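Novice: Take this structure first; my questions come after.
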Amino acid sequence: MAKSDTSKASALNEKEGIKAPDTLSSASAKAIKSKRQKQPSVPYLVKGITEGNITALSRAITLVESTNPKHSEKANKIVTSCLPHANKSIRVGITGVPGVGKSTFIEALGKYLTENTKKVAILAVDPSSSLSKGSILGDKTRMEDLVKIKNAFIRPSPSGDSLGGVARKTRETIILCEAAGFDTILIETVGVGQSETAVHSMVDFFLLLKLAGAGDELQGIKRGIIEMADAIVINKADGENVKAAKAAKLEFNRALHLYPEKPSGWTPKTALCSALQNEGISEIWEMITNYFTETKSSNYFEAHRTEQNKFWLLQTIEERLKSNFYNKTEIKSELQQQIELIESGKTTPFAAAEYLLRL
Ligand code: GDP
C-alpha cells in the first residue's frame with residue numbers, strides 16, 4: 001500500500017473511531033484501552049447492520065477496508081454473519097470514460113430509484129488512487145443531491161495497492177449493504193482498464209455510458225468492454241447533440257449485433273439519455289428491470305451468481321496468498337536484495353523467485 005493510502009486509511013479509521021494499535025504512542029496506553037473498549041463488538045455491528053443502521057454499516061465497511069490484520073479478522077466475521085441476510089439486491093455496474101457523465105447519471109438514476117421506494121447503495125471501484133496521485137473517481141465533489149437522500153448510501157472506492165484488493169473490499173461491502181437492506185447496488189468504475197472486468201464479475205447487469213461523436217479509440221473503450229455490456233447508453237443526448245446521439249445509437253446497435261449471443265440469452269440494448277436533464281432515466285430503468293425479469297425466469301440470474309461466487313472464492317484465495325507472502329518481514333527485505341541481484345546481473349528472475357518462494 002502506498003504511503004498516502006496508509007494515511008488515508010488511518011484517517012478514515014480515526015473518523016470511524018477505529019485506531020490501528022501500531023499507530024498509537026505508548027504514552028496513550030490508557031486512552032487506547034478505553035478506545036478499544038468503545039469499539040463495537042461483532043454481534044453489535046451485525047445487529048446494527050441488519051437493522052439498517054448506517055453508522056454500523058460504515059464502521060463495518062471501514063473494518064473491511066482496513067489493512068490491520070485484527071480488523072480483517074473482525075471484518076471476516078461480520079461479513080460471514082451478514083451473508084444469510086445478503087444476496088437479495090440487484091447489482092448494476094456502470095462504466096464509461098472520465099467526463100462521460102457517470103456521476104451525473106448515477107445521481108439522476110439514484111434519485112429516480114429512491115423516489116420509487118428503492119434503497120440504493122452506490123459503490124465504486126477505482127484502483128487508480130494507488131497508481132497515480134489522485135483517484136479518477138474520488139477527486140470531485142460528486143452527487144451532492146444524492147448524498148442528502150435518506151435511502152441512498154454512497155461510499156467512495158476503497159484504496160488499495162492492487163485492483164484485486166480494491167475489488168475484494170467492494171465485493172464484501174456489497175454483502176454488508178445488502179444485509180443493511182439496500183435493494184439496489186450501483187457500482188461505478190472508470191472506463192480505462194481492467195477494473196471493468198472486476199466490476200463485471202460482481203454485478204448482474206453491466207451498463208456502458210458513451211458519448212456521441214467520438215470514435216471508440218477516442219473514447220478509450222476497449223472492444224472487450226463493449227462485449228461485456230448489457231446496455232450501451234449514449235449520454236448527453238440533449239441540445240445540439242441529439243442528432244449525433246441518435247446516429248450513435250444506431251451505430252452501436254449495429255455493432256452489438258456482430259457480437260456472439262450472451263450466455264444470459266439477453267440481447268444488449270442501446271438507449272439515449274440526458275443525465276443532466278433527467279431524460280431517459282425511467283426508460284433505462286425499465287429496460288434493466290426487463291433484464292431481471294427475463295434472467296430470473298430463465299434461472300440464469302441464480303446460476304450466474306453461483307458462478308460469480310466460485311470465481312470470487314478463487315480470487316480471494318489468490319489475493320490472501322499474495323498479501324500474506326508480500327507482507328512477511330523476511331520477504332520484504334529479501335525481495336529487495338533479490339531485485340538488486342537482478343539489477344547487477346547476478347541472478348535470474350526464476351532463481352530469485354524460487355529462492356523467495358522457498359522462504
Ligand atoms: P464522470 O467523470 O463520468 O463522472 O462525468 P460527470 O458526471 O462528472 O460529468 C462530466 C461533465 O459532463 C459535467 O460537466 C456534467 O455536467 C456534464 N454532463 C453530464 N451529463 C450530461 C448530460 O446528459 N448532458 C450534458 N449536456 N452534459 C452532461
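Ordering of the C-alpha cells sets the chain letters (A, B, ...), residue numbers begin anew at 1 in every chain, and ligands are numbered from 1 in the order given.
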Could you list the protein, DNA and RNA residues that have any atom within 10 Å of ligand 1, counting only C-alpha atoms and all ligand atoms, and write them as a PyMOL selection string?
Specialist: chain A and resi 94-108+136-143+188-191+209-211+234-241+272-280
Novice: Check range 44-256 of chain A with DSSP on the backbone and list each residue it calls alpha helix (DSSP H), as a PyMOL selection string.
Specialist: chain A and resi 44-50+54-65+69-82+102-115+128-131+144-147+163-179+195-200+216-219+223-228+242-256
Novice: In terms of the shortest atom-to-atom distance over only C-alpha atoms, which of A:Leu250, A:Val79, A:Leu313, A:Ala152 is closest to Leu113 in chain A?
Specialist: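 So, comparing all the options, the nearest one is A:Ala152.
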Novice: Taking the DSSP secondary structure from the backbone, can you list the residues of range 268-334 of chain A that are strand (DSSP E), as a PyMOL selection string?
Specialist: chain A and resi 269-272
Novice: Please produce a file of the residues just selected, as a PDB file, in the first residue's frame, where the atoms kept are N, CA, C and O atoms.
Specialist:
ATOM      1  N   LYS A 269     -29.000  -3.894 -25.253  1.00  0.00           N
ATOM      2  CA  LYS A 269     -29.825  -2.808 -25.792  1.00  0.00           C
ATOM      3  C   LYS A 269     -29.029  -1.504 -25.836  1.00  0.00           C
ATOM      4  O   LYS A 269     -28.048  -1.342 -25.115  1.00  0.00           O
ATOM      5  N   THR A 270     -29.503  -0.593 -26.676  1.00  0.00           N
ATOM      6  CA  THR A 270     -28.928   0.749 -26.673  1.00  0.00           C
ATOM      7  C   THR A 270     -30.017   1.737 -26.260  1.00  0.00           C
ATOM      8  O   THR A 270     -31.208   1.464 -26.476  1.00  0.00           O
ATOM      9  N   ALA A 271     -29.611   2.836 -25.669  1.00  0.00           N
ATOM     10  CA  ALA A 271     -30.600   3.828 -25.248  1.00  0.00           C
ATOM     11  C   ALA A 271     -29.968   5.213 -25.264  1.00  0.00           C
ATOM     12  O   ALA A 271     -28.747   5.353 -25.202  1.00  0.00           O
ATOM     13  N   LEU A 272     -30.825   6.221 -25.319  1.00  0.00           N
ATOM     14  CA  LEU A 272     -30.365   7.602 -25.241  1.00  0.00           C
ATOM     15  C   LEU A 272     -30.697   8.160 -23.868  1.00  0.00           C
ATOM     16  O   LEU A 272     -31.672   7.741 -23.239  1.00  0.00           O
TER      17      LEU A 272
END
Novice: I'd like to know which of A:Lys150, A:Lys47, A:Lys310, A:Arg59 is closest to Lys74 in chain A, using only C-alpha atoms.
Specialist: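 Checking each candidate against Lys74 in chain A, we get A:Arg59 as the closest.
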Novice: Which neighbours of range 289-296 of chain A fall inside 8 Å, counting only C-alpha atoms, when residues of the same chain fewer than 6 positions from it are skipped, and could you give them as a ChimeraX atom specification?
Specialist: /A:205,264-266,302
Novice: Show which residues sit within 8 Å of Glu319 in chain A, as a ChimeraX atom specification. Count only C-alpha atoms, and ignore same-chain residues fewer than 3 positions away.
Specialist: /A:164-165,315-316,322-323
Novice: Write the selection just made, keeping all heavy atoms, as a PDB file, in the first residue's frame?
Specialist:
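Now in part27.pdb:
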ATOM      1  N   GLY A 164      -7.086  -6.227  -7.322  1.00  0.00           N
ATOM      2  CA  GLY A 164      -7.668  -7.381  -6.633  1.00  0.00           C
ATOM      3  C   GLY A 164      -8.123  -7.016  -5.233  1.00  0.00           C
ATOM      4  O   GLY A 164      -9.210  -7.398  -4.802  1.00  0.00           O
ATOM      5  N   GLY A 165      -7.292  -6.252  -4.539  1.00  0.00           N
ATOM      6  CA  GLY A 165      -7.608  -5.842  -3.172  1.00  0.00           C
ATOM      7  C   GLY A 165      -8.812  -4.920  -3.141  1.00  0.00           C
ATOM      8  O   GLY A 165      -9.734  -5.093  -2.342  1.00  0.00           O
ATOM      9  N   GLN A 315     -10.493 -16.001  -6.347  1.00  0.00           N
ATOM     10  CA  GLN A 315      -9.856 -14.682  -6.289  1.00  0.00           C
ATOM     11  C   GLN A 315      -9.401 -14.336  -4.872  1.00  0.00           C
ATOM     12  O   GLN A 315      -8.318 -13.812  -4.669  1.00  0.00           O
ATOM     13  CB  GLN A 315     -10.852 -13.607  -6.746  1.00  0.00           C
ATOM     14  CG  GLN A 315     -11.097 -13.606  -8.219  1.00  0.00           C
ATOM     15  CD  GLN A 315      -9.955 -12.953  -8.976  1.00  0.00           C
ATOM     16  OE1 GLN A 315      -9.568 -11.848  -8.681  1.00  0.00           O
ATOM     17  NE2 GLN A 315      -9.406 -13.654  -9.936  1.00  0.00           N
ATOM     18  N   THR A 316     -10.274 -14.662  -3.909  1.00  0.00           N
ATOM     19  CA  THR A 316      -9.952 -14.334  -2.515  1.00  0.00           C
ATOM     20  C   THR A 316      -8.741 -15.133  -2.053  1.00  0.00           C
ATOM     21  O   THR A 316      -7.847 -14.598  -1.389  1.00  0.00           O
ATOM     22  CB  THR A 316     -11.169 -14.611  -1.602  1.00  0.00           C
ATOM     23  OG1 THR A 316     -12.286 -13.944  -2.160  1.00  0.00           O
ATOM     24  CG2 THR A 316     -10.940 -14.126  -0.187  1.00  0.00           C
ATOM     25  N   LYS A 322      -1.211 -13.915  -1.834  1.00  0.00           N
ATOM     26  CA  LYS A 322      -0.292 -12.876  -2.298  1.00  0.00           C
ATOM     27  C   LYS A 322       0.034 -11.896  -1.181  1.00  0.00           C
ATOM     28  O   LYS A 322       1.195 -11.588  -0.931  1.00  0.00           O
ATOM     29  CB  LYS A 322      -0.918 -12.125  -3.476  1.00  0.00           C
ATOM     30  CG  LYS A 322      -0.154 -12.403  -4.728  1.00  0.00           C
ATOM     31  CD  LYS A 322      -0.554 -11.764  -5.992  1.00  0.00           C
ATOM     32  CE  LYS A 322      -1.468 -10.670  -6.186  1.00  0.00           C
ATOM     33  NZ  LYS A 322      -1.927 -10.444  -7.518  1.00  0.00           N
ATOM     34  N   SER A 323      -1.013 -11.414  -0.490  1.00  0.00           N
ATOM     35  CA  SER A 323      -0.736 -10.412   0.531  1.00  0.00           C
ATOM     36  C   SER A 323       0.009 -11.036   1.715  1.00  0.00           C
ATOM     37  O   SER A 323       0.886 -10.409   2.296  1.00  0.00           O
ATOM     38  CB  SER A 323      -1.994  -9.667   0.956  1.00  0.00           C
ATOM     39  OG  SER A 323      -2.821 -10.520   1.672  1.00  0.00           O
TER      40      SER A 323
END
Novice: Out of A:Ser128, A:Thr184, A:Ser162, A:Asn151, which residue has the shortest atom-to-atom distance to Glu115 in chain A when counting only C-alpha atoms?
Specialist: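 So, comparing all the options, the nearest one is A:Asn151.
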Novice: Calculate how many Å separate CA of Arg155 in chain A from CA of Ile122 in chain A, rounding to one decimal.
Specialist: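 One can read the CA of Arg155 in chain A to CA of Ile122 in chain A distance as 6.2 Å.
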Novice: Could you give me, as a PyMOL selection string, the residues within 10 Å of Glu73 in chain A, counting only C-alpha atoms and dropping anything in the same chain fewer than 4 positions from it?
Specialist: chain A and resi 63-64+68-69+77-78
Novice: Hey, what's within 9 Å of Ala352 in chain A if we count only C-alpha atoms and toss same-chain stuff fewer than 2 positions away? As a PyMOL selection string, please?
Specialist: chain A and resi 335+338-339+341-342+347-350+354-357
Novice: Report the distance between CA of Ser195 in chain A and CA of Val166 in chain A in Å, rounded to one decimal place.
Specialist: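 Distance reported for this atom pair: 9.4 Å.
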Novice: Between A:Ala303, A:Ala121, A:Leu258, A:Leu314, which residue has the minimum interatomic distance to Asp204 in chain A, considering only C-alpha atoms?
Specialist: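 Going through A:Ala303, A:Ala121, A:Leu258, A:Leu314 one by one, the smallest distance to Asp204 in chain A is for A:Ala303.
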Novice: To one decimal in Å, tell me the separation between CA of Glu51 in chain A and CA of Ser89 in chain A.
Specialist: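 We find that CA of Glu51 in chain A and CA of Ser89 in chain A lie 16.1 Å from each other.
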